[in-house]
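Structure file data_17.txt; described as compact mmCIF, C-alpha atoms and all ligand atoms.
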# COMPACT_ATOMS: atom_id res chain seq x y z
CA MET A 1 27.43 -11.46 24.48
CA ALA A 2 24.34 -12.38 26.50
CA ASP A 3 22.89 -15.77 25.65
CA VAL A 4 19.97 -16.16 23.32
CA PHE A 5 17.37 -16.44 26.06
CA ASP A 6 18.45 -13.20 27.71
CA ARG A 7 18.46 -11.32 24.44
CA VAL A 8 15.01 -12.63 23.58
CA LYS A 9 13.80 -11.77 27.07
CA ASN A 10 15.02 -8.20 26.83
CA ILE A 11 13.15 -7.66 23.60
CA ILE A 12 9.96 -9.14 25.04
CA VAL A 13 10.12 -7.07 28.20
CA GLU A 14 10.58 -3.91 26.21
CA ARG A 15 8.08 -4.63 23.47
CA LEU A 16 5.27 -6.10 25.58
CA ASP A 17 5.94 -4.05 28.67
CA VAL A 18 5.78 -7.09 30.96
CA ASP A 19 7.62 -7.96 34.16
CA GLU A 20 10.89 -9.84 33.61
CA SER A 21 9.84 -12.59 35.99
CA LYS A 22 6.93 -13.53 33.73
CA VAL A 23 9.21 -14.22 30.79
CA THR A 24 10.02 -17.92 31.24
CA GLU A 25 10.72 -20.48 28.54
CA ALA A 26 7.24 -21.93 29.04
CA ALA A 27 5.43 -18.61 28.84
CA SER A 28 2.98 -18.34 25.94
CA PHE A 29 3.00 -14.97 24.21
CA LYS A 30 -0.74 -14.80 23.88
CA ASP A 31 -1.87 -16.54 27.07
CA ASP A 32 0.75 -15.47 29.59
CA LEU A 33 2.26 -12.30 28.18
CA GLU A 34 -0.92 -10.66 26.92
CA ALA A 35 0.32 -10.24 23.37
CA ASP A 36 -2.17 -10.08 20.51
CA SER A 37 -1.38 -11.63 17.14
CA LEU A 38 -0.01 -8.37 15.75
CA ASP A 39 2.31 -8.07 18.77
CA VAL A 40 3.68 -11.53 18.00
CA VAL A 41 4.28 -10.54 14.36
CA GLU A 42 6.18 -7.49 15.58
CA LEU A 43 8.20 -9.51 18.07
CA VAL A 44 9.25 -11.88 15.32
CA MET A 45 10.29 -8.86 13.23
CA GLU A 46 12.43 -7.60 16.08
CA LEU A 47 13.98 -11.00 16.64
CA GLU A 48 14.87 -11.09 12.96
CA ASP A 49 16.66 -7.77 13.33
CA GLU A 50 18.35 -8.68 16.62
CA PHE A 51 19.66 -12.01 15.34
CA ASP A 52 20.14 -10.88 11.76
CA MET A 53 18.07 -13.67 10.28
CA GLU A 54 14.88 -14.23 8.35
CA ILE A 55 12.11 -16.25 9.91
CA SER A 56 9.70 -17.60 7.30
CA ASP A 57 5.96 -17.16 7.78
CA GLU A 58 5.63 -20.94 8.26
CA GLU A 59 8.25 -20.99 11.02
CA ALA A 60 6.87 -17.83 12.60
CA GLU A 61 3.44 -19.40 12.91
CA LYS A 62 4.93 -22.18 15.06
CA ILE A 63 6.34 -19.73 17.60
CA ASN A 64 3.87 -19.64 20.47
CA THR A 65 6.05 -19.59 23.56
CA VAL A 66 9.28 -17.88 24.56
CA GLY A 67 10.95 -21.30 24.43
CA ASP A 68 9.77 -21.83 20.83
CA ALA A 69 11.49 -18.60 19.82
CA VAL A 70 14.71 -19.41 21.70
CA ASN A 71 14.85 -22.96 20.33
CA TYR A 72 14.24 -21.80 16.79
CA ILE A 73 16.99 -19.20 17.01
CA ASN A 74 19.40 -21.68 18.60
CA SER A 75 18.68 -24.20 15.85
CA THR A 76 19.79 -21.74 13.19
CA GLN A 77 22.87 -20.24 14.85
CA MET B 1 2.57 20.00 4.99
CA LEU B 2 4.48 16.85 4.03
CA ASN B 3 7.99 18.17 4.54
CA GLY B 4 10.63 15.48 4.18
CA LYS B 5 8.12 12.62 4.04
CA ALA B 6 9.02 9.69 1.82
CA ALA B 7 6.24 8.79 -0.61
CA LEU B 8 5.96 5.85 -2.97
CA VAL B 9 3.43 6.30 -5.78
CA THR B 10 2.78 3.31 -8.05
CA GLY B 11 1.99 3.97 -11.69
CA ALA B 12 3.23 7.54 -11.44
CA SER B 13 4.48 7.95 -15.00
CA ARG B 14 1.14 9.16 -16.37
CA GLY B 15 -2.37 10.29 -15.54
CA ILE B 16 -3.62 10.34 -11.98
CA GLY B 17 -0.44 8.82 -10.51
CA LYS B 18 1.70 11.53 -12.08
CA ALA B 19 -0.58 14.24 -10.68
CA ILE B 20 -0.40 12.63 -7.24
CA ALA B 21 3.40 12.42 -7.34
CA LEU B 22 3.64 16.12 -8.26
CA GLU B 23 1.06 17.19 -5.69
CA LEU B 24 2.86 15.35 -2.86
CA ALA B 25 6.15 16.86 -3.96
CA LYS B 26 4.63 20.36 -3.96
CA GLN B 27 3.81 19.78 -0.30
CA GLY B 28 7.42 18.85 0.45
CA ALA B 29 7.49 15.08 0.05
CA ASN B 30 10.29 13.16 -1.66
CA VAL B 31 8.83 10.73 -4.15
CA VAL B 32 9.58 7.36 -5.70
CA VAL B 33 7.96 7.42 -9.14
CA ASN B 34 7.11 3.81 -10.00
CA TYR B 35 6.24 2.77 -13.53
CA ALA B 36 5.78 -0.41 -15.57
CA GLY B 37 7.11 0.44 -19.03
CA SER B 38 7.15 4.20 -19.64
CA LYS B 39 10.69 4.95 -18.54
CA ASP B 40 10.95 8.29 -20.34
CA LYS B 41 7.67 9.54 -18.95
CA ALA B 42 8.67 8.49 -15.44
CA GLU B 43 12.02 10.27 -15.80
CA ALA B 44 10.17 13.40 -16.95
CA VAL B 45 8.05 13.30 -13.78
CA VAL B 46 11.24 12.93 -11.74
CA ASP B 47 12.71 16.00 -13.44
CA GLU B 48 9.57 18.02 -12.69
CA ILE B 49 9.73 17.04 -9.02
CA LYS B 50 13.40 17.97 -8.82
CA GLN B 51 12.53 21.38 -10.24
CA LEU B 52 10.15 21.77 -7.33
CA GLY B 53 13.15 21.28 -5.06
CA GLN B 54 12.30 17.78 -3.86
CA GLU B 55 14.12 14.52 -4.31
CA ALA B 56 12.71 11.92 -6.68
CA VAL B 57 13.71 8.71 -8.37
CA ALA B 58 12.03 6.58 -11.04
CA VAL B 59 11.87 2.86 -10.27
CA GLN B 60 10.55 0.25 -12.69
CA ALA B 61 8.51 -2.54 -11.12
CA ASN B 62 5.46 -4.54 -12.08
CA VAL B 63 3.22 -4.31 -9.01
CA SER B 64 1.72 -7.73 -9.69
CA SER B 65 5.10 -9.35 -8.98
CA ALA B 66 5.83 -9.82 -5.29
CA ASP B 67 9.58 -9.95 -5.94
CA GLU B 68 9.63 -6.77 -7.98
CA VAL B 69 7.58 -5.00 -5.31
CA LYS B 70 10.03 -6.13 -2.62
CA ALA B 71 12.87 -4.60 -4.62
CA LEU B 72 10.81 -1.43 -5.18
CA ILE B 73 10.22 -0.95 -1.47
CA LYS B 74 13.80 -1.73 -0.59
CA GLU B 75 14.88 0.90 -3.09
CA THR B 76 12.48 3.42 -1.52
CA ILE B 77 13.88 2.81 1.97
CA ASP B 78 17.47 2.86 0.69
CA GLN B 79 16.83 6.20 -1.03
CA PHE B 80 14.84 8.04 1.60
CA GLY B 81 15.33 6.07 4.83
CA SER B 82 11.62 5.37 5.36
CA VAL B 83 8.25 4.95 3.65
CA ASP B 84 5.76 7.37 5.14
CA ILE B 85 3.19 7.42 2.34
CA LEU B 86 2.19 4.64 -0.05
CA VAL B 87 -0.21 5.46 -2.87
CA ASN B 88 -1.47 2.39 -4.72
CA ASN B 89 -2.43 3.93 -8.02
CA ALA B 90 -1.14 1.57 -10.72
CA GLY B 91 -4.04 0.10 -12.64
CA ILE B 92 -5.15 -1.23 -16.00
CA THR B 93 -8.41 -1.96 -17.82
CA ARG B 94 -9.23 -4.89 -20.11
CA ASP B 95 -12.89 -4.15 -20.79
CA ASN B 96 -15.17 -6.74 -22.32
CA LEU B 97 -18.64 -8.12 -21.87
CA LEU B 98 -18.66 -10.96 -19.40
CA MET B 99 -19.71 -13.41 -22.12
CA ARG B 100 -16.68 -12.40 -24.18
CA MET B 101 -14.19 -11.90 -21.38
CA LYS B 102 -11.17 -14.13 -21.65
CA GLU B 103 -9.73 -15.68 -18.54
CA GLU B 104 -6.51 -13.86 -19.29
CA GLU B 105 -8.30 -10.50 -19.32
CA PHE B 106 -9.86 -11.29 -15.98
CA ASP B 107 -6.59 -12.48 -14.46
CA ASP B 108 -4.47 -9.57 -15.75
CA VAL B 109 -6.74 -6.99 -14.17
CA ILE B 110 -7.02 -8.84 -10.86
CA GLU B 111 -3.26 -9.38 -10.73
CA THR B 112 -2.42 -5.74 -11.33
CA ASN B 113 -5.31 -3.88 -9.70
CA LEU B 114 -5.97 -6.12 -6.70
CA LYS B 115 -2.96 -8.32 -6.04
CA GLY B 116 -0.71 -5.38 -6.82
CA VAL B 117 -2.28 -3.46 -3.95
CA TYR B 118 -1.86 -6.44 -1.63
CA ASN B 119 1.80 -6.81 -2.63
CA CYS B 120 2.58 -3.17 -2.00
CA ILE B 121 0.71 -2.90 1.29
CA LYS B 122 2.32 -6.08 2.56
CA GLY B 123 5.68 -4.76 1.48
CA VAL B 124 5.51 -1.47 3.38
CA THR B 125 3.80 -2.76 6.52
CA ARG B 126 6.96 -3.90 8.27
CA GLN B 127 8.57 -0.49 7.91
CA MET B 128 5.40 1.42 8.82
CA MET B 129 4.78 -0.77 11.88
CA LYS B 130 8.28 -0.03 13.07
CA GLN B 131 7.75 3.66 12.46
CA ARG B 132 4.43 3.49 14.30
CA ALA B 133 3.16 5.77 11.54
CA GLY B 134 2.15 5.60 7.92
CA LYS B 135 -0.45 6.61 5.38
CA ILE B 136 -1.69 4.17 2.79
CA ILE B 137 -3.99 5.47 0.08
CA ASN B 138 -5.54 3.14 -2.46
CA VAL B 139 -6.93 4.40 -5.75
CA ALA B 140 -10.12 2.43 -6.25
CA SER B 141 -12.91 3.56 -8.57
CA ILE B 142 -16.50 4.61 -8.29
CA VAL B 143 -17.47 1.59 -10.40
CA GLY B 144 -16.20 -0.58 -7.55
CA VAL B 145 -19.19 0.79 -5.65
CA THR B 146 -21.80 0.86 -8.43
CA GLY B 147 -20.77 -1.89 -10.84
CA ASN B 148 -20.39 -1.24 -14.57
CA PRO B 149 -21.27 -3.34 -17.59
CA GLY B 150 -18.21 -4.41 -19.57
CA GLN B 151 -15.93 -4.15 -16.56
CA THR B 152 -16.57 -7.28 -14.52
CA ASN B 153 -12.86 -7.83 -13.98
CA TYR B 154 -12.07 -4.20 -13.17
CA VAL B 155 -15.07 -3.76 -10.87
CA ALA B 156 -14.26 -6.97 -9.00
CA ALA B 157 -10.73 -5.71 -8.44
CA LYS B 158 -11.80 -2.22 -7.36
CA ALA B 159 -14.54 -3.49 -5.01
CA GLY B 160 -11.84 -5.80 -3.66
CA VAL B 161 -9.57 -2.84 -3.04
CA ILE B 162 -12.33 -1.07 -1.10
CA GLY B 163 -12.81 -4.16 1.07
CA MET B 164 -9.07 -4.59 1.53
CA THR B 165 -8.84 -0.96 2.61
CA LYS B 166 -11.28 -1.63 5.45
CA SER B 167 -9.63 -4.86 6.63
CA VAL B 168 -6.12 -3.49 6.62
CA ALA B 169 -7.32 -0.28 8.28
CA LYS B 170 -8.65 -2.36 11.15
CA GLU B 171 -5.53 -4.53 11.38
CA LEU B 172 -3.09 -1.66 11.46
CA ALA B 173 -5.04 0.99 13.34
CA THR B 174 -3.30 0.32 16.66
CA ARG B 175 0.02 1.00 14.96
CA HIS B 176 -1.11 4.44 13.76
CA ILE B 177 -1.21 3.46 10.13
CA ASN B 178 -4.14 5.04 8.29
CA VAL B 179 -5.51 3.18 5.30
CA ASN B 180 -8.02 4.93 3.07
CA ALA B 181 -9.16 4.86 -0.52
CA VAL B 182 -10.29 7.34 -3.12
CA ALA B 183 -12.87 6.34 -5.69
CA PRO B 184 -12.46 8.58 -8.73
CA GLY B 185 -15.34 8.95 -11.12
CA PHE B 186 -14.65 9.94 -14.69
CA ILE B 187 -11.20 11.51 -14.89
CA ALA B 188 -9.60 12.70 -18.12
CA THR B 189 -6.53 10.46 -18.66
CA ASP B 190 -5.21 7.95 -21.22
CA MET B 191 -7.42 5.33 -19.59
CA THR B 192 -10.66 7.17 -20.29
CA ASP B 193 -9.43 8.46 -23.65
CA GLU B 194 -9.91 4.90 -24.93
CA LEU B 195 -13.68 5.03 -24.35
CA SER B 196 -16.07 5.59 -27.25
CA ASP B 197 -17.64 9.04 -27.65
CA GLU B 198 -20.98 7.49 -26.86
CA ALA B 199 -19.72 6.03 -23.58
CA LYS B 200 -18.12 9.37 -22.71
CA GLN B 201 -21.35 11.27 -23.31
CA GLN B 202 -23.24 8.77 -21.15
CA MET B 203 -20.82 9.25 -18.30
CA TYR B 204 -20.84 12.98 -18.72
CA ASP B 205 -24.63 13.12 -18.31
CA LEU B 206 -24.29 11.46 -14.91
CA ILE B 207 -21.99 14.04 -13.35
CA PRO B 208 -23.88 16.63 -11.25
CA LEU B 209 -20.89 18.99 -11.17
CA GLY B 210 -21.09 19.04 -14.96
CA ARG B 211 -17.50 18.32 -15.94
CA LEU B 212 -14.98 15.54 -16.14
CA GLY B 213 -12.48 15.39 -13.33
CA ASP B 214 -8.84 16.33 -13.78
CA PRO B 215 -6.08 14.13 -12.36
CA GLU B 216 -5.39 17.07 -10.02
CA ASP B 217 -8.89 16.79 -8.54
CA VAL B 218 -7.95 13.31 -7.34
CA ALA B 219 -4.40 14.28 -6.38
CA LYS B 220 -5.59 16.99 -3.98
CA VAL B 221 -7.79 14.57 -2.08
CA VAL B 222 -4.92 12.07 -1.90
CA ARG B 223 -2.68 14.83 -0.58
CA PHE B 224 -5.24 15.48 2.18
CA LEU B 225 -5.39 11.78 3.08
CA ALA B 226 -1.59 11.65 3.15
CA SER B 227 -1.38 14.58 5.56
CA SER B 228 -1.80 14.79 9.32
CA ASP B 229 -5.09 16.61 8.69
CA ALA B 230 -6.55 13.16 8.00
CA ASP B 231 -5.12 11.47 11.11
CA TYR B 232 -8.61 10.62 12.37
CA LEU B 233 -9.76 8.99 9.12
CA THR B 234 -9.23 5.34 8.40
CA GLY B 235 -10.94 2.62 6.35
CA GLN B 236 -12.85 5.19 4.31
CA THR B 237 -13.42 5.47 0.60
CA LEU B 238 -13.82 9.07 -0.54
CA HIS B 239 -15.72 9.53 -3.79
CA VAL B 240 -13.98 12.02 -6.05
CA ASP B 241 -16.51 11.96 -8.82
CA GLY B 242 -18.27 15.30 -9.22
CA GLY B 243 -21.21 13.89 -7.30
CA MET B 244 -21.91 10.90 -9.55
CA VAL B 245 -22.50 8.51 -6.68
CA MET B 246 -23.97 9.75 -3.44
N1 LIG C 301 -9.14 7.70 -15.38
C1 LIG C 301 -10.23 7.47 -14.70
O1 LIG C 301 -11.32 7.96 -15.03
C2 LIG C 301 -10.21 6.62 -13.47
C3 LIG C 301 -11.39 6.47 -12.75
C4 LIG C 301 -11.40 5.69 -11.61
C5 LIG C 301 -10.24 5.08 -11.18
N2 LIG C 301 -9.09 5.23 -11.90
C6 LIG C 301 -7.91 4.55 -11.38
O2 LIG C 301 -6.85 5.47 -11.22
C7 LIG C 301 -5.60 4.83 -11.39
C8 LIG C 301 -4.78 5.56 -12.43
O3 LIG C 301 -5.52 5.60 -13.63
P1 LIG C 301 -5.11 6.53 -14.87
O4 LIG C 301 -6.37 6.90 -15.54
O5 LIG C 301 -4.16 7.58 -14.43
O6 LIG C 301 -4.36 5.42 -15.77
P2 LIG C 301 -3.27 5.59 -16.92
O7 LIG C 301 -3.22 6.98 -17.42
O8 LIG C 301 -3.55 4.47 -17.87
O9 LIG C 301 -1.89 5.28 -16.12
C9 LIG C 301 -1.69 4.04 -15.53
C10 LIG C 301 -0.42 4.06 -14.74
O10 LIG C 301 -0.25 2.79 -14.09
C11 LIG C 301 0.99 2.24 -14.45
N3 LIG C 301 0.90 0.77 -14.47
C12 LIG C 301 0.07 -0.01 -15.22
N4 LIG C 301 0.28 -1.31 -14.93
C13 LIG C 301 1.27 -1.35 -14.02
C14 LIG C 301 1.95 -2.41 -13.34
N5 LIG C 301 1.65 -3.70 -13.55
N6 LIG C 301 2.93 -2.10 -12.45
C15 LIG C 301 3.25 -0.80 -12.23
N7 LIG C 301 2.65 0.23 -12.83
C16 LIG C 301 1.67 -0.04 -13.73
C17 LIG C 301 1.33 2.83 -15.80
O11 LIG C 301 2.73 2.77 -16.00
P3 LIG C 301 3.33 2.86 -17.51
O12 LIG C 301 3.17 4.30 -17.94
O13 LIG C 301 4.75 2.48 -17.33
O14 LIG C 301 2.53 1.92 -18.34
C18 LIG C 301 0.81 4.26 -15.60
O15 LIG C 301 1.74 5.03 -14.86
C19 LIG C 301 -5.93 3.39 -11.79
O16 LIG C 301 -5.87 2.56 -10.65
C20 LIG C 301 -7.34 3.49 -12.30
O17 LIG C 301 -8.03 2.27 -12.16
C21 LIG C 301 -9.05 5.98 -13.03
Please lay out the structure from this file as structure tokens.
Ligand SMILES: NC(=O)c1ccc[n+]([C@@H]2O[C@H](COP(=O)([O-])OP(=O)(O)OC[C@H]3O[C@@H](n4cnc5c(N)ncnc54)[C@H](OP(=O)(O)O)[C@@H]3O)[C@@H](O)[C@H]2O)c1
Amino acid sequence: MADVFDRVKNIIVERLDVDESKVTEAASFKDDLEADSLDVVELVMELEDEFDMEISDEEAEKINTVGDAVNYINSTQ
Amino acid sequence: MLNGKAALVTGASRGIGKAIALELAKQGANVVVNYAGSKDKAEAVVDEIKQLGQEAVAVQANVSSADEVKALIKETIDQFGSVDILVNNAGITRDNLLMRMKEEEFDDVIETNLKGVYNCIKGVTRQMMKQRAGKIINVASIVGVTGNPGQTNYVAAKAGVIGMTKSVAKELATRHINVNAVAPGFIATDMTDELSDEAKQQMYDLIPLGRLGDPEDVAKVVRFLASSDADYLTGQTLHVDGGMVM
């Protein structure tokens, strides 16, 4: 199975319709990937489905960059 | 018109909610008939819908409880695979003059009529966002627009619902979720049966169309809002009141 970063990246590329090369660990969803706040909510929903987990609203609010999402998922696996 | 759509109607055991559940079913929707305590009445509505050839199930849940609403929505999705239409109809009155109104009377009405709507909308949003489609219809009241003595709690809740309708409509518009409200006037149900004859006569005198509304009058407008005919409407509150408030 692809590692967490790749799986997260695939979802982002598909959902936000951005170029793969832009999706780095440091990339901010809102500033670099042109996501609005509703897009981020949806991304978190998809991550929950992909990784079969629940991300609480408090945790979700801390996810601003691709790296934040990957680290959070890694910390729970 | 609504063939195969999955509809959840809160407070559908009696009155306006019952009429809405039946009207949606007549148009081909499958319906979850939510109720608080009237199990037998809810089961009777389910039977009527089944006779129309649609699927239906009665599910008990108090809309003011976030946990019970979560279970209600899960049940809806388990039964029908989606939630295409949510009608927030459940509501109560605890009328009293402001000077006499107990905190409990205020809280009960806000919890059911306002927080209940928030709970249910929040609960279906995930599914509707995924579907990139959904119709949410809130049953407010004309007094939420005009105010009404003796109903401070109820009016606050209903005006709140009208405001919530607008906010959520704006938040979810890009996901093709339409959020509208109906504001019924004076409709003949158990709720209005409780009013004194004097209060009824007063109301009656204010209705240009010269009659009380039937639950079906409201149900037909809800059916329109639930259909693709209303795809270009969102954030609106339609007055279904015989012309009382223009
Ligand atoms: N009648 C009018 O003139 C009028 C005018 C304007 C607006 N409205 C609004 O229209 C809606 C329906 O009114 P109605 O006249 O049909 O009322 P109704 O005949 O008293 O019926 C109320 C319905 O809501 C359900 N309910 C009450 N509390 C609930 C809770 N906590 N959780 C889940 N369900 C609950 C009841 O279930 P149970 O049977 O199990 O108790 C019942 O099905 C309400 O929102 C009301 O404010 C009515």
Inset, instruction - Find the residues near region 3-8 of chain A: any atom within 8 Å, counting all atoms listed in the file, skip ones fewer than 4 places away on the same chain, and give them as a ChimeraX atom specification. - result: /A:12,47,66,69-70,73-74
Inset, instruction - List the neighbours of region 149-161 of chain B out to 12 Å using all atoms listed in the file; skip same-chain residues closer than 5 positions along the sequence, and give me the result as a ChimeraX atom specification. - result: /B:88-118,121,137-144,166-169,179-184,195,199,235-237
Inset, instruction - Could you please give me, as a PyMOL selection string, the residues of protein, DNA or RNA lying at most 10 Å from (3.4, 4.3, -17.3) in the coordinate frame of the file, considering all atoms listed in the file? - result: chain B and resi 10-15+17-18+33-42+60+90-91
Inset, instruction - Using all atoms listed in the file, determine which residues of chain B fall within 9 Å of chain A; present them as a ChimeraX atom specification. - result: /B:126,129-130,171-172
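Pairwise distance (CA of Phe186 (chain B), CA of Lys50 (chain B)) equals 29.8 Å.
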Inset, instruction - State, in Å with one decimal place, the distance from CA of Asp57 (chain A) to CA of Ser37 (chain A). - result: 13.1 Å
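Here CA of Lys9 (chain A) stands at a distance of 12.3 Å from CA of Ala26 (chain A).
Shortest separation to ligand LIG 301 (chain C) among B:Lys135, B:His239, B:Lys5, B:Arg175 occurs at residue B:His239, atoms counted being all atoms listed in the file.
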Inset, instruction - Could you tell me which of B:Val83, B:Met244, B:Ala66, B:Ala226 comes closest to Arg211 (chain B) if we count all atoms listed in the file? - result: B:Met244
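Comparing B:Asn3, B:Thr234, B:Asn30, B:Thr165 by their smallest distance to Gln79 (chain B), the closest is B:Asn30 (using all atoms listed in the file).
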Inset, instruction - Find the residues around Lys26 (chain B) up to 10 Å (all atoms listed in the file counted), leave out those fewer than 6 positions away in its own chain, and share them as a PyMOL selection string. - result: chain B and resi 1-3+20+49+52-54+223
Legend entry - Non-local contacts of Gly123 (chain B) (9 Å; all atoms listed in the file; under 4 positions in same chain excluded) as a count of residues only: 8
Listed atoms of region 208-222 of chain B boxed axis-aligned with 3 Å per side, centre + edges as JSON:
{"center_x": -14.1, "center_y": 15.6, "center_z": -9.0, "size_x": 25.5, "size_y": 13.0, "size_z": 20.2}
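Proximity to Gln27 (chain B) was assessed for B:Ser227, B:Ser196, B:Thr174, B:Thr189 counting all atoms listed in the file; the smallest distance is recorded for B:Ser227.
Using all atoms listed in the file for every distance, the candidate list A:Asp52, A:Glu59, A:Asn64, A:Thr76 yields A:Asn64 as the residue closest to Asp32 (chain A).
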Legend entry - Spatial neighbours of Lys22 (chain A), max dist 9 Å, only C-alpha atoms, sep filter under 3 positions, as an MDAnalysis selection string: chainID A and resid 18:19 27 32:33
